[in-house]
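**Q** As input, take target_12.cif (mmCIF, C-alpha atoms):
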```cif
data_coords
#
loop_
_atom_site.group_PDB
_atom_site.id
_atom_site.type_symbol
_atom_site.label_atom_id
_atom_site.label_comp_id
_atom_site.auth_asym_id
_atom_site.auth_seq_id
_atom_site.Cartn_x
_atom_site.Cartn_y
_atom_site.Cartn_z
ATOM 1 C CA MET A 18 10.797 -1.443 31.190
ATOM 2 C CA GLU A 19 8.940 1.460 29.672
ATOM 3 C CA ILE A 20 7.842 2.836 26.330
ATOM 4 C CA THR A 21 6.592 6.245 25.253
ATOM 5 C CA VAL A 22 3.177 6.695 23.638
ATOM 6 C CA ARG A 23 4.820 7.678 20.336
ATOM 7 C CA GLY A 24 7.079 4.638 20.493
ATOM 8 C CA LEU A 25 4.071 2.425 21.161
ATOM 9 C CA TRP A 26 2.161 3.789 18.148
ATOM 10 C CA THR A 27 5.244 3.360 15.966
ATOM 11 C CA MET A 28 5.420 -0.263 17.110
ATOM 12 C CA ILE A 29 1.701 -0.847 16.459
ATOM 13 C CA HIS A 30 2.059 0.686 12.987
ATOM 14 C CA GLY A 31 5.248 -1.128 11.965
ATOM 15 C CA MET A 32 5.337 -4.388 13.870
ATOM 16 C CA GLY A 33 1.620 -4.783 14.345
ATOM 17 C CA PHE A 34 0.039 -3.894 11.023
ATOM 18 C CA GLY A 35 3.020 -3.624 8.661
ATOM 19 C CA ALA A 36 5.014 -6.698 9.608
ATOM 20 C CA LEU A 37 1.881 -8.805 9.986
ATOM 21 C CA TYR A 38 0.839 -7.815 6.458
ATOM 22 C CA LEU A 39 4.277 -8.723 5.152
ATOM 23 C CA MET A 40 4.113 -12.164 6.764
ATOM 24 C CA ALA A 41 0.564 -12.724 5.512
ATOM 25 C CA CYS A 42 1.567 -11.775 1.969
ATOM 26 C CA SER A 43 3.665 -14.867 1.309
ATOM 27 C CA GLY A 44 0.737 -16.965 2.557
ATOM 28 C CA ALA A 45 -1.649 -15.195 0.199
ATOM 29 C CA LEU A 46 0.621 -15.795 -2.788
ATOM 30 C CA VAL A 47 0.894 -19.493 -1.941
ATOM 31 C CA GLU A 48 -2.861 -19.838 -1.386
ATOM 32 C CA LEU A 49 -3.695 -18.009 -4.634
ATOM 33 C CA TRP A 50 -1.325 -20.327 -6.470
ATOM 34 C CA ARG A 51 -2.789 -23.422 -4.772
ATOM 35 C CA CYS A 52 -6.290 -22.327 -5.533
ATOM 36 C CA CYS A 53 -6.120 -20.856 -8.987
ATOM 37 C CA TRP A 54 -2.988 -21.949 -10.852
ATOM 38 C CA PRO A 55 -3.443 -24.748 -13.414
ATOM 39 C CA THR A 56 -0.483 -26.723 -12.020
ATOM 40 C CA GLY A 57 -1.378 -25.940 -8.392
ATOM 41 C CA PRO A 58 -2.990 -28.556 -6.147
ATOM 42 C CA GLY A 59 -6.315 -26.688 -6.249
ATOM 43 C CA THR A 60 -8.828 -26.211 -3.454
ATOM 44 C CA GLU A 61 -10.978 -29.207 -2.824
ATOM 45 C CA SER A 62 -13.484 -27.668 -0.516
ATOM 46 C CA ARG A 63 -15.641 -24.594 -0.191
ATOM 47 C CA THR A 64 -14.040 -24.106 3.254
ATOM 48 C CA ASN A 65 -10.659 -23.405 1.619
ATOM 49 C CA ASP A 66 -12.331 -20.887 -0.667
ATOM 50 C CA SER A 67 -13.986 -19.125 2.272
ATOM 51 C CA PHE A 68 -10.716 -19.177 4.193
ATOM 52 C CA LEU A 69 -8.886 -17.359 1.393
ATOM 53 C CA ARG A 70 -11.718 -14.834 1.084
ATOM 54 C CA VAL A 71 -11.482 -13.987 4.803
ATOM 55 C CA TYR A 72 -7.666 -14.051 4.667
ATOM 56 C CA LEU A 73 -7.541 -11.480 1.848
ATOM 57 C CA VAL A 74 -10.112 -9.223 3.523
ATOM 58 C CA VAL A 75 -8.085 -9.286 6.768
ATOM 59 C CA MET A 76 -4.943 -8.459 4.766
ATOM 60 C CA ALA A 77 -6.722 -5.499 3.170
ATOM 61 C CA ALA A 78 -7.779 -4.294 6.640
ATOM 62 C CA LEU A 79 -4.181 -4.627 7.891
ATOM 63 C CA ALA A 80 -2.882 -2.678 4.886
ATOM 64 C CA TRP A 81 -5.345 0.178 5.446
ATOM 65 C CA LEU A 82 -4.613 0.288 9.171
ATOM 66 C CA ALA A 83 -0.868 0.355 8.463
ATOM 67 C CA VAL A 84 -0.997 3.277 6.007
ATOM 68 C CA LEU A 85 -3.560 5.272 7.975
ATOM 69 C CA THR A 86 -1.706 5.004 11.290
ATOM 70 C CA GLY A 87 1.569 5.660 9.473
ATOM 71 C CA THR A 88 0.356 8.727 7.606
ATOM 72 C CA TYR A 89 -1.866 10.332 10.226
ATOM 73 C CA VAL A 90 -0.443 9.200 13.577
ATOM 74 C CA VAL A 91 3.296 8.484 13.305
ATOM 75 C CA TYR A 92 4.369 10.635 10.334
ATOM 76 C CA PRO A 93 3.343 13.976 11.921
ATOM 77 C CA TRP A 94 5.586 13.151 14.900
ATOM 78 C CA TYR A 95 8.397 12.243 12.519
ATOM 79 C CA ARG A 96 8.249 15.484 10.508
ATOM 80 C CA VAL A 97 7.463 17.964 13.299
ATOM 81 C CA ALA A 98 9.821 20.960 13.131
ATOM 82 C CA PRO A 99 11.662 22.264 16.201
ATOM 83 C CA LEU A 100 11.273 25.833 17.392
ATOM 84 C CA PRO A 101 14.150 28.112 16.341
ATOM 85 C CA GLY A 102 17.154 27.838 18.616
ATOM 86 C CA ILE A 103 16.608 24.262 19.738
ATOM 87 C CA ALA A 104 19.911 22.411 19.452
ATOM 88 C CA ASP A 105 18.856 18.964 20.671
ATOM 89 C CA LEU A 106 17.139 17.365 17.665
ATOM 90 C CA SER A 107 16.492 13.969 19.273
ATOM 91 C CA GLY A 108 12.741 14.692 19.452
ATOM 92 C CA PHE A 109 12.627 15.729 15.761
ATOM 93 C CA PRO A 110 13.559 12.640 13.714
ATOM 94 C CA GLN A 111 13.353 14.202 10.238
ATOM 95 C CA ARG A 112 15.530 17.176 11.224
ATOM 96 C CA LEU A 113 17.937 14.893 13.066
ATOM 97 C CA LEU A 114 18.465 12.783 9.944
ATOM 98 C CA LEU A 115 18.848 15.811 7.681
ATOM 99 C CA SER A 116 21.377 17.409 10.042
ATOM 100 C CA SER A 117 24.139 15.045 8.928
ATOM 101 C CA PRO A 118 25.175 14.058 5.381
ATOM 102 C CA SER A 119 25.740 10.503 6.609
ATOM 103 C CA THR A 120 22.087 10.104 7.658
ATOM 104 C CA ALA A 121 20.263 12.491 5.280
ATOM 105 C CA GLY A 122 19.702 9.700 2.738
ATOM 106 C CA TRP A 123 17.542 7.798 5.203
ATOM 107 C CA HIS A 124 15.082 10.657 4.878
ATOM 108 C CA SER A 125 15.572 11.847 1.287
ATOM 109 C CA ILE A 126 15.410 8.340 -0.178
ATOM 110 C CA GLY A 127 14.135 6.081 2.616
ATOM 111 C CA MET A 128 11.237 8.079 4.028
ATOM 112 C CA GLU A 129 10.413 9.806 0.727
ATOM 113 C CA TRP A 130 10.026 6.384 -0.927
ATOM 114 C CA LYS A 131 8.352 4.658 2.019
ATOM 115 C CA GLU A 132 5.665 7.291 2.569
ATOM 116 C CA HIS A 133 4.381 6.940 -0.999
ATOM 117 C CA VAL A 134 5.122 3.356 -1.996
ATOM 118 C CA ALA A 135 3.270 2.032 1.061
ATOM 119 C CA TRP A 136 -0.012 3.363 -0.378
ATOM 120 C CA LEU A 137 0.265 0.978 -3.333
ATOM 121 C CA VAL A 138 -0.296 -1.841 -0.844
ATOM 122 C CA PRO A 139 -3.919 -1.171 0.245
ATOM 123 C CA ILE A 140 -4.914 -0.344 -3.336
ATOM 124 C CA SER A 141 -3.458 -3.623 -4.632
ATOM 125 C CA ILE A 142 -4.696 -5.921 -1.894
ATOM 126 C CA THR A 143 -8.181 -4.374 -1.771
ATOM 127 C CA MET A 144 -8.452 -5.024 -5.497
ATOM 128 C CA ALA A 145 -7.181 -8.604 -5.047
ATOM 129 C CA ALA A 146 -9.631 -9.244 -2.211
ATOM 130 C CA SER A 147 -12.583 -7.823 -4.139
ATOM 131 C CA VAL A 148 -11.775 -9.851 -7.269
ATOM 132 C CA PHE A 149 -11.420 -13.052 -5.237
ATOM 133 C CA LEU A 150 -14.621 -12.317 -3.315
ATOM 134 C CA ARG A 151 -16.439 -12.065 -6.634
ATOM 135 C CA TYR A 152 -14.832 -14.965 -8.509
ATOM 136 C CA GLY A 153 -13.599 -17.361 -5.842
ATOM 137 C CA ARG A 154 -11.786 -20.367 -7.221
ATOM 138 C CA SER A 155 -13.311 -19.740 -10.658
ATOM 139 C CA LEU A 156 -10.623 -17.068 -10.937
ATOM 140 C CA GLY A 157 -8.503 -19.985 -12.165
ATOM 141 C CA THR A 158 -10.562 -20.123 -15.362
ATOM 142 C CA HIS A 159 -9.798 -16.445 -16.063
ATOM 143 C CA ALA A 160 -6.059 -16.776 -16.631
ATOM 144 C CA THR A 161 -5.478 -13.102 -17.430
ATOM 145 C CA LEU A 162 -7.320 -11.872 -14.339
ATOM 146 C CA ARG A 163 -5.641 -14.480 -12.136
ATOM 147 C CA ASN A 164 -2.156 -13.526 -13.344
ATOM 148 C CA ALA A 165 -2.902 -9.853 -12.741
ATOM 149 C CA VAL A 166 -4.217 -10.485 -9.213
ATOM 150 C CA ILE A 167 -1.113 -12.508 -8.334
ATOM 151 C CA GLY A 168 1.068 -9.802 -9.946
ATOM 152 C CA PHE A 169 -0.565 -7.053 -7.892
ATOM 153 C CA VAL A 170 -0.202 -9.076 -4.667
ATOM 154 C CA ALA A 171 3.484 -9.696 -5.507
ATOM 155 C CA VAL A 172 4.035 -5.953 -6.075
ATOM 156 C CA SER A 173 2.244 -5.206 -2.802
ATOM 157 C CA PHE A 174 4.639 -7.687 -1.110
ATOM 158 C CA PHE A 175 7.594 -5.762 -2.533
ATOM 159 C CA ALA A 176 6.096 -2.370 -1.603
ATOM 160 C CA ALA A 177 5.334 -3.516 1.945
ATOM 161 C CA GLY A 178 8.870 -4.902 2.203
ATOM 162 C CA VAL A 179 10.343 -1.534 1.153
ATOM 163 C CA ALA A 180 8.113 0.304 3.623
ATOM 164 C CA ASP A 181 8.925 -2.072 6.479
ATOM 165 C CA PHE A 182 12.660 -2.085 5.768
ATOM 166 C CA PHE A 183 12.938 1.703 5.684
ATOM 167 C CA GLY A 184 10.582 2.017 8.631
ATOM 168 C CA ALA A 185 12.862 -0.181 10.707
ATOM 169 C CA MET A 186 16.034 1.609 9.561
ATOM 170 C CA LEU A 187 14.544 5.061 10.124
ATOM 171 C CA ASN A 188 13.460 4.093 13.599
ATOM 172 C CA LYS A 189 16.940 2.750 14.279
ATOM 173 C CA ASN A 190 18.670 5.956 13.143
ATOM 174 C CA ALA A 191 16.140 8.482 14.419
ATOM 175 C CA PRO A 192 13.446 6.911 16.576
ATOM 176 C CA VAL A 193 10.053 8.548 17.001
ATOM 177 C CA ARG A 194 9.918 9.181 20.735
ATOM 178 C CA GLY A 195 8.028 11.344 23.142
ATOM 179 C CA GLY A 196 4.678 11.718 24.783
ATOM 180 C CA ARG A 197 3.606 10.074 27.987
ATOM 181 C CA THR A 198 5.770 7.242 29.295
ATOM 182 C CA ILE A 199 4.071 3.903 29.866
ATOM 183 C CA HIS A 200 5.647 1.628 32.471
ATOM 184 C CA VAL A 201 5.310 -1.904 31.114
ATOM 185 C CA MET A 202 7.093 -3.876 33.815
ATOM 186 C CA GLN A 203 9.422 -3.353 36.729
ATOM 187 C CA GLY A 204 12.869 -4.874 36.140
ATOM 188 C CA ARG A 205 15.226 -6.267 38.785
ATOM 189 C CA ARG A 206 18.477 -4.417 39.532
ATOM 190 C CA GLN A 207 21.615 -6.574 39.144
ATOM 191 C CA MET B 17 -13.691 -4.105 -26.058
ATOM 192 C CA SER B 18 -16.811 -6.108 -25.231
ATOM 193 C CA LEU B 19 -17.507 -9.547 -26.642
ATOM 194 C CA PRO B 20 -20.904 -11.202 -27.074
ATOM 195 C CA GLN B 21 -22.119 -12.525 -23.746
ATOM 196 C CA ASP B 22 -22.652 -16.022 -25.110
ATOM 197 C CA SER B 23 -19.032 -16.489 -26.238
ATOM 198 C CA VAL B 24 -18.039 -17.819 -22.797
ATOM 199 C CA PRO B 25 -21.284 -19.101 -21.306
ATOM 200 C CA ASP B 26 -19.691 -21.287 -18.621
ATOM 201 C CA LYS B 27 -17.744 -18.481 -16.956
ATOM 202 C CA LEU B 28 -18.618 -15.491 -14.854
ATOM 203 C CA PRO B 29 -18.160 -12.393 -17.045
ATOM 204 C CA ASN B 30 -14.673 -10.961 -16.661
ATOM 205 C CA GLY B 31 -15.789 -7.312 -16.897
ATOM 206 C CA PRO B 32 -16.002 -6.574 -13.138
ATOM 207 C CA GLY B 33 -12.619 -8.229 -12.509
ATOM 208 C CA ALA B 34 -10.984 -6.307 -15.346
ATOM 209 C CA ALA B 35 -12.571 -3.089 -14.054
ATOM 210 C CA ALA B 36 -11.131 -3.635 -10.549
ATOM 211 C CA ILE B 37 -7.664 -4.461 -11.910
ATOM 212 C CA LEU B 38 -7.486 -1.576 -14.399
ATOM 213 C CA ALA B 39 -8.755 0.869 -11.756
ATOM 214 C CA ALA B 40 -6.051 -0.325 -9.324
ATOM 215 C CA GLY B 41 -3.430 0.254 -12.045
ATOM 216 C CA ILE B 42 -4.754 3.752 -12.738
ATOM 217 C CA GLY B 43 -4.896 4.535 -8.996
ATOM 218 C CA SER B 44 -1.301 3.359 -8.533
ATOM 219 C CA PHE B 45 -0.102 5.481 -11.438
ATOM 220 C CA ALA B 46 -2.058 8.479 -10.096
ATOM 221 C CA LEU B 47 -0.300 8.040 -6.744
ATOM 222 C CA GLY B 48 3.154 8.092 -8.349
ATOM 223 C CA MET B 49 2.283 10.984 -10.645
ATOM 224 C CA LEU B 50 0.778 13.114 -7.863
ATOM 225 C CA ALA B 51 3.765 12.381 -5.590
ATOM 226 C CA VAL B 52 6.190 13.621 -8.263
ATOM 227 C CA LEU B 53 4.069 16.708 -8.991
ATOM 228 C CA ALA B 54 3.718 17.617 -5.304
ATOM 229 C CA ASP B 55 7.464 17.228 -4.876
ATOM 230 C CA HIS B 56 8.479 19.312 -7.894
ATOM 231 C CA VAL B 57 5.769 21.948 -8.265
ATOM 232 C CA ALA B 58 5.725 24.043 -5.099
ATOM 233 C CA ARG B 59 2.264 25.478 -5.743
ATOM 234 C CA PHE B 60 0.778 22.052 -6.359
ATOM 235 C CA GLY B 61 2.545 20.728 -3.260
ATOM 236 C CA LYS B 62 0.868 23.442 -1.170
ATOM 237 C CA MET B 63 -2.510 22.594 -2.710
ATOM 238 C CA MET B 64 -2.018 19.006 -1.594
ATOM 239 C CA ILE B 65 -1.805 19.938 2.088
ATOM 240 C CA PHE B 66 -5.189 18.672 3.261
ATOM 241 C CA TYR B 67 -3.960 18.006 6.814
ATOM 242 C CA ARG B 68 -1.124 20.263 7.918
ATOM 243 C CA PRO B 69 0.751 17.880 10.299
ATOM 244 C CA THR B 70 1.104 15.342 7.463
ATOM 245 C CA GLY B 71 1.804 17.916 4.724
ATOM 246 C CA PRO B 72 1.361 17.229 0.989
ATOM 247 C CA LEU B 73 1.273 13.462 1.615
ATOM 248 C CA SER B 74 -2.281 13.857 2.901
ATOM 249 C CA GLY B 75 -3.546 15.358 -0.364
ATOM 250 C CA VAL B 76 -1.473 13.142 -2.655
ATOM 251 C CA THR B 77 -2.764 9.932 -1.099
ATOM 252 C CA THR B 78 -6.354 11.168 -0.679
ATOM 253 C CA CYS B 79 -6.535 12.258 -4.331
ATOM 254 C CA ALA B 80 -4.945 9.015 -5.579
ATOM 255 C CA VAL B 81 -7.435 6.947 -3.555
ATOM 256 C CA LEU B 82 -10.315 9.057 -4.884
ATOM 257 C CA VAL B 83 -9.103 8.630 -8.489
ATOM 258 C CA TRP B 84 -8.873 4.872 -7.936
ATOM 259 C CA LEU B 85 -12.339 4.560 -6.378
ATOM 260 C CA VAL B 86 -14.080 6.808 -8.922
ATOM 261 C CA VAL B 87 -12.465 5.017 -11.891
ATOM 262 C CA TRP B 88 -13.361 1.661 -10.319
ATOM 263 C CA ALA B 89 -16.994 2.680 -9.810
ATOM 264 C CA VAL B 90 -17.313 3.994 -13.383
ATOM 265 C CA LEU B 91 -15.644 0.976 -15.003
ATOM 266 C CA ASP B 92 -17.553 -1.481 -12.839
ATOM 267 C CA ARG B 93 -20.829 0.140 -13.822
ATOM 268 C CA SER B 94 -19.871 0.025 -17.501
ATOM 269 C CA TRP B 95 -18.571 -3.556 -17.566
ATOM 270 C CA ARG B 96 -20.886 -5.238 -15.056
ATOM 271 C CA GLY B 97 -22.235 -8.443 -16.567
ATOM 272 C CA ARG B 98 -20.053 -8.062 -19.643
ATOM 273 C CA THR B 99 -17.131 -10.020 -20.974
ATOM 274 C CA VAL B 100 -14.345 -7.759 -22.176
ATOM 275 C CA ARG B 101 -11.135 -8.374 -24.077
ATOM 276 C CA ALA B 102 -9.045 -8.555 -20.938
ATOM 277 C CA ARG B 103 -5.483 -8.947 -22.164
ATOM 278 C CA PRO B 104 -4.822 -5.342 -23.342
ATOM 279 C CA LEU B 105 -6.600 -3.947 -20.267
ATOM 280 C CA ILE B 106 -4.611 -6.084 -17.871
ATOM 281 C CA THR B 107 -1.358 -5.295 -19.683
ATOM 282 C CA ALA B 108 -2.160 -1.587 -19.338
ATOM 283 C CA ALA B 109 -2.970 -2.088 -15.634
ATOM 284 C CA MET B 110 0.338 -3.864 -14.979
ATOM 285 C CA VAL B 111 2.319 -1.207 -16.873
ATOM 286 C CA LEU B 112 0.557 1.556 -14.904
ATOM 287 C CA LEU B 113 1.229 -0.263 -11.619
ATOM 288 C CA LEU B 114 4.931 -0.614 -12.417
ATOM 289 C CA LEU B 115 5.148 3.030 -13.548
ATOM 290 C CA GLY B 116 3.439 4.063 -10.314
ATOM 291 C CA LEU B 117 5.937 1.993 -8.343
ATOM 292 C CA LEU B 118 8.842 3.525 -10.255
ATOM 293 C CA LEU B 119 7.557 7.100 -9.831
ATOM 294 C CA THR B 120 7.441 6.712 -6.048
ATOM 295 C CA PHE B 121 11.191 5.924 -6.044
ATOM 296 C CA PRO B 122 12.799 9.346 -5.373
ATOM 297 C CA PRO B 123 15.878 9.027 -7.661
ATOM 298 C CA PHE B 124 13.523 8.165 -10.546
ATOM 299 C CA GLY B 125 10.938 10.830 -9.666
ATOM 300 C CA ASP B 126 13.735 13.433 -9.496
ATOM 301 C CA LEU B 127 14.497 12.875 -13.187
ATOM 302 C CA PHE B 128 11.414 14.917 -14.120
#
```
Rewrite the structure of this file - the entire thing - as structure tokens.

**A**
Amino acid sequence: MEITVRGLWTMIHGMGFGALYLMACSGALVELWRCCWPTGPGTESRTNDSFLRVYLVVMAALAWLAVLTGTYVVYPWYRVAPLPGIADLSGFPQRLLLSSPSTAGWHSIGMEWKEHVAWLVPISITMAASVFLRYGRSLGTHATLRNAVIGFVAVSFFAAGVADFFGAMLNKNAPVRGGRTIHVMQGRRQ
Amino acid sequence: MSLPQDSVPDKLPNGPGAAAILAAGIGSFALGMLAVLADHVARFGKMMIFYRPTGPLSGVTTCAVLVWLVVWAVLDRSWRGRTVRARPLITAAMVLLLLGLLLTFPPFGDLF
């Protein structure tokens, strides 16, 4: 069982930071509703308030790590161009996708959307975290601000979902591979 | 936009919250706008190459983040400790966020 360095970074970016953010997002929406919505159960203790503060800050960190590793570590490997005359495009995911009309859309729509929409996520969640850090549960008394914070977190959920979906599909159709091979475990021959 | 401080004495002023939300909306719109420009104006796209291996994406995202942070800092400074009429600001922020989201979608961005 082995994985290449590029494959490992792609996994850390997508399954580590991206997917973890996506899972945390539904929790954040529920907690914001519980804490700040008039019909929600409300937070009874300061501990719950502190928990949500830490939770949102961790989500913001995950979002930044996801976009930074995506943009500056994985994306350059994805878009690297082959030298003229190279026929095997398996090490050049973008060119591999564009080489066939049946896969070109994964780049021209999937990657083109994913690479930009993902950056809405850290902006939105950093804002949400900073507003909640400042207001805490008293955000519930500012209905307009509360609705906006929940709206931004919901949009970040959607944007992260788009980025994760296309990330997974791109990696399925044209995986980012290469670099040193890491041997994870020795399997048994049947 | 600002109201007298004593109109809502029992609440924290909403100015800093509104500043953060409006700045996030402006930053999101800037991201979508810059992405469309870099994609359709070759010269601008080249200008956005801050880090060659990543291409124009590096400049588009760096500039959008800078716009967001600068606007946030300016608005926060202006509205700190103040209560502002939040509804029109928040509506503008949500519209800008949704426009930003829409502009990042290639079939929509290609209309321009």

**Q** Within 10 Å of A:His159, counting all atoms listed in the file, which residues qualify if same-chain residues fewer than 4 places away don't, as an MDAnalysis selection string?

**A** (chainID A and resid 53 152 154:155 163:164) or (chainID B and resid 27:30 33 102)

**Q** Residues of chain B within 7 Å of chain A: nearest atom pair and distance (Å, one decimal) for each, counting all atoms listed in the file, sorted by chain and number, as JSON lines?

**A**
```
{"residue": "B:Gly33", "atom": "CA", "partner": "A:Val148", "partner_atom": "CA", "distance": 5.5}
{"residue": "B:Ala34", "atom": "CA", "partner": "A:Leu162", "partner_atom": "CA", "distance": 6.7}
{"residue": "B:Ala36", "atom": "CA", "partner": "A:Met144", "partner_atom": "CA", "distance": 5.9}
{"residue": "B:Ile37", "atom": "CA", "partner": "A:Met144", "partner_atom": "CA", "distance": 6.5}
{"residue": "B:Ala40", "atom": "CA", "partner": "A:Ile140", "partner_atom": "CA", "distance": 6.1}
{"residue": "B:Ser44", "atom": "CA", "partner": "A:Leu137", "partner_atom": "CA", "distance": 5.9}
{"residue": "B:Pro69", "atom": "CA", "partner": "A:Pro93", "partner_atom": "CA", "distance": 5.0}
{"residue": "B:Thr70", "atom": "CA", "partner": "A:Pro93", "partner_atom": "CA", "distance": 5.2}
{"residue": "B:Ala102", "atom": "CA", "partner": "A:Thr161", "partner_atom": "CA", "distance": 6.8}
{"residue": "B:Arg103", "atom": "CA", "partner": "A:Thr161", "partner_atom": "CA", "distance": 6.3}
{"residue": "B:Ile106", "atom": "CA", "partner": "A:Ala165", "partner_atom": "CA", "distance": 6.6}
{"residue": "B:Leu117", "atom": "CA", "partner": "A:Val134", "partner_atom": "CA", "distance": 6.5}
{"residue": "B:Thr120", "atom": "CA", "partner": "A:Trp130", "partner_atom": "CA", "distance": 5.7}
{"residue": "B:Phe121", "atom": "CA", "partner": "A:Trp130", "partner_atom": "CA", "distance": 5.3}
{"residue": "B:Pro122", "atom": "CA", "partner": "A:Ile126", "partner_atom": "CA", "distance": 5.9}
```

**Q** Once the PyMOL selection byres ((chain B and resi 49) around 9) is applied to the coordinates I shared, what remains selected? I want it as a ChimeraX atom specification.

**A** /B:44-48,50-54,115-116,119-120,125

**Q** Could you expand the PyMOL selection byres ((chain A and resi 106) around 12) into the explicit residues it covers here, written as a ChimeraX atom specification?

**A** /A:95-105,107-117,191-194

**Q** What does the PyMOL selection byres ((chain A and resi 42) around 10) select in this file, as a tab-separated table (two decimals) with C-alpha atoms, in the frame of the given file?

**A**
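Result file is result_15.tsv:
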```tsv
chain	number	residue	atom	x	y	z
A	36	ALA	CA	5.01	-6.70	9.61
A	37	LEU	CA	1.88	-8.80	9.99
A	38	TYR	CA	0.84	-7.82	6.46
A	39	LEU	CA	4.28	-8.72	5.15
A	40	MET	CA	4.11	-12.16	6.76
A	41	ALA	CA	0.56	-12.72	5.51
A	43	SER	CA	3.66	-14.87	1.31
A	44	GLY	CA	0.74	-16.96	2.56
A	45	ALA	CA	-1.65	-15.20	0.20
A	46	LEU	CA	0.62	-15.80	-2.79
A	47	VAL	CA	0.89	-19.49	-1.94
A	48	GLU	CA	-2.86	-19.84	-1.39
A	72	TYR	CA	-7.67	-14.05	4.67
A	73	LEU	CA	-7.54	-11.48	1.85
A	76	MET	CA	-4.94	-8.46	4.77
A	142	ILE	CA	-4.70	-5.92	-1.89
A	170	VAL	CA	-0.20	-9.08	-4.67
A	171	ALA	CA	3.48	-9.70	-5.51
A	173	SER	CA	2.24	-5.21	-2.80
A	174	PHE	CA	4.64	-7.69	-1.11
A	175	PHE	CA	7.59	-5.76	-2.53
A	177	ALA	CA	5.33	-3.52	1.94
```

**Q** How many Å lie between atom CA of B:Gly75 and atom CA of B:Pro32, rounded to one decimal?

**A**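 These atoms are spaced 28.3 Å apart.
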
**Q** Work out how far apart atom CA of B:Ala39 and atom CA of B:Trp95 are and give it in Å to one decimal.

**A** 12.2 Å

**Q** Report, in Å with one decimal, the straight-line distance from atom CA of A:Phe182 to atom CA of A:Gly31.

**A** 9.7 Å

**Q** Could you list, as a ChimeraX atom specification, every residue within 12 Å of B:Lys62, counting all atoms listed in the file and ignoring same-chain residues fewer than 5 positions away?

**A** /B:53-57,67-68,70-76

**Q** Draw an axis-aligned box over all listed atoms of stretch 92-100 of chain B, pad each side with 4 Å, and write its centre and edge lengths in Å, one decimal, as AutoDock Vina command-line options.

**A**
```
--center_x -18.3 --center_y -4.9 --center_z -17.5 --size_x 15.9 --size_y 18.2 --size_z 17.3
```

**Q** Counting all atoms listed in the file, figure out which residue out of A:Asn188, A:Arg70, A:Gly157, A:Ala83 gets nearest to A:His124.

**A** A:Asn188

**Q** Rebuild N, CA, C and O atoms on stretch 119-128 of chain B, as a PDB file, keeping the file's coordinate frame?

**A**
```pdb
ATOM      1  N   LEU B 119       7.664   5.658 -10.108  1.00  0.00           N
ATOM      2  CA  LEU B 119       7.557   7.100  -9.831  1.00  0.00           C
ATOM      3  C   LEU B 119       7.669   7.413  -8.340  1.00  0.00           C
ATOM      4  O   LEU B 119       8.049   8.523  -7.961  1.00  0.00           O
ATOM      5  N   THR B 120       7.319   6.445  -7.492  1.00  0.00           N
ATOM      6  CA  THR B 120       7.441   6.712  -6.048  1.00  0.00           C
ATOM      7  C   THR B 120       8.902   6.641  -5.586  1.00  0.00           C
ATOM      8  O   THR B 120       9.207   7.089  -4.485  1.00  0.00           O
ATOM      9  N   PHE B 121       9.779   6.058  -6.425  1.00  0.00           N
ATOM     10  CA  PHE B 121      11.191   5.924  -6.044  1.00  0.00           C
ATOM     11  C   PHE B 121      11.875   7.273  -6.283  1.00  0.00           C
ATOM     12  O   PHE B 121      12.002   7.705  -7.435  1.00  0.00           O
ATOM     13  N   PRO B 122      12.326   7.970  -5.222  1.00  0.00           N
ATOM     14  CA  PRO B 122      12.799   9.346  -5.373  1.00  0.00           C
ATOM     15  C   PRO B 122      13.849   9.574  -6.475  1.00  0.00           C
ATOM     16  O   PRO B 122      13.702  10.516  -7.248  1.00  0.00           O
ATOM     17  N   PRO B 123      14.902   8.747  -6.589  1.00  0.00           N
ATOM     18  CA  PRO B 123      15.878   9.027  -7.661  1.00  0.00           C
ATOM     19  C   PRO B 123      15.251   8.995  -9.057  1.00  0.00           C
ATOM     20  O   PRO B 123      15.676   9.722  -9.943  1.00  0.00           O
ATOM     21  N   PHE B 124      14.200   8.193  -9.247  1.00  0.00           N
ATOM     22  CA  PHE B 124      13.523   8.165 -10.546  1.00  0.00           C
ATOM     23  C   PHE B 124      12.598   9.381 -10.684  1.00  0.00           C
ATOM     24  O   PHE B 124      12.602  10.053 -11.715  1.00  0.00           O
ATOM     25  N   GLY B 125      11.847   9.680  -9.633  1.00  0.00           N
ATOM     26  CA  GLY B 125      10.938  10.830  -9.666  1.00  0.00           C
ATOM     27  C   GLY B 125      11.692  12.142  -9.871  1.00  0.00           C
ATOM     28  O   GLY B 125      11.180  13.066 -10.505  1.00  0.00           O
ATOM     29  N   ASP B 126      12.941  12.204  -9.371  1.00  0.00           N
ATOM     30  CA  ASP B 126      13.735  13.433  -9.496  1.00  0.00           C
ATOM     31  C   ASP B 126      14.225  13.676 -10.919  1.00  0.00           C
ATOM     32  O   ASP B 126      14.764  14.748 -11.215  1.00  0.00           O
ATOM     33  N   LEU B 127      14.069  12.699 -11.793  1.00  0.00           N
ATOM     34  CA  LEU B 127      14.497  12.875 -13.187  1.00  0.00           C
ATOM     35  C   LEU B 127      13.581  13.845 -13.933  1.00  0.00           C
ATOM     36  O   LEU B 127      13.939  14.358 -14.984  1.00  0.00           O
ATOM     37  N   PHE B 128      12.383  14.078 -13.391  1.00  0.00           N
ATOM     38  CA  PHE B 128      11.414  14.917 -14.120  1.00  0.00           C
ATOM     39  C   PHE B 128      11.434  16.366 -13.640  1.00  0.00           C
ATOM     40  O   PHE B 128      11.777  16.648 -12.533  1.00  0.00           O
TER      41      PHE B 128
END
```
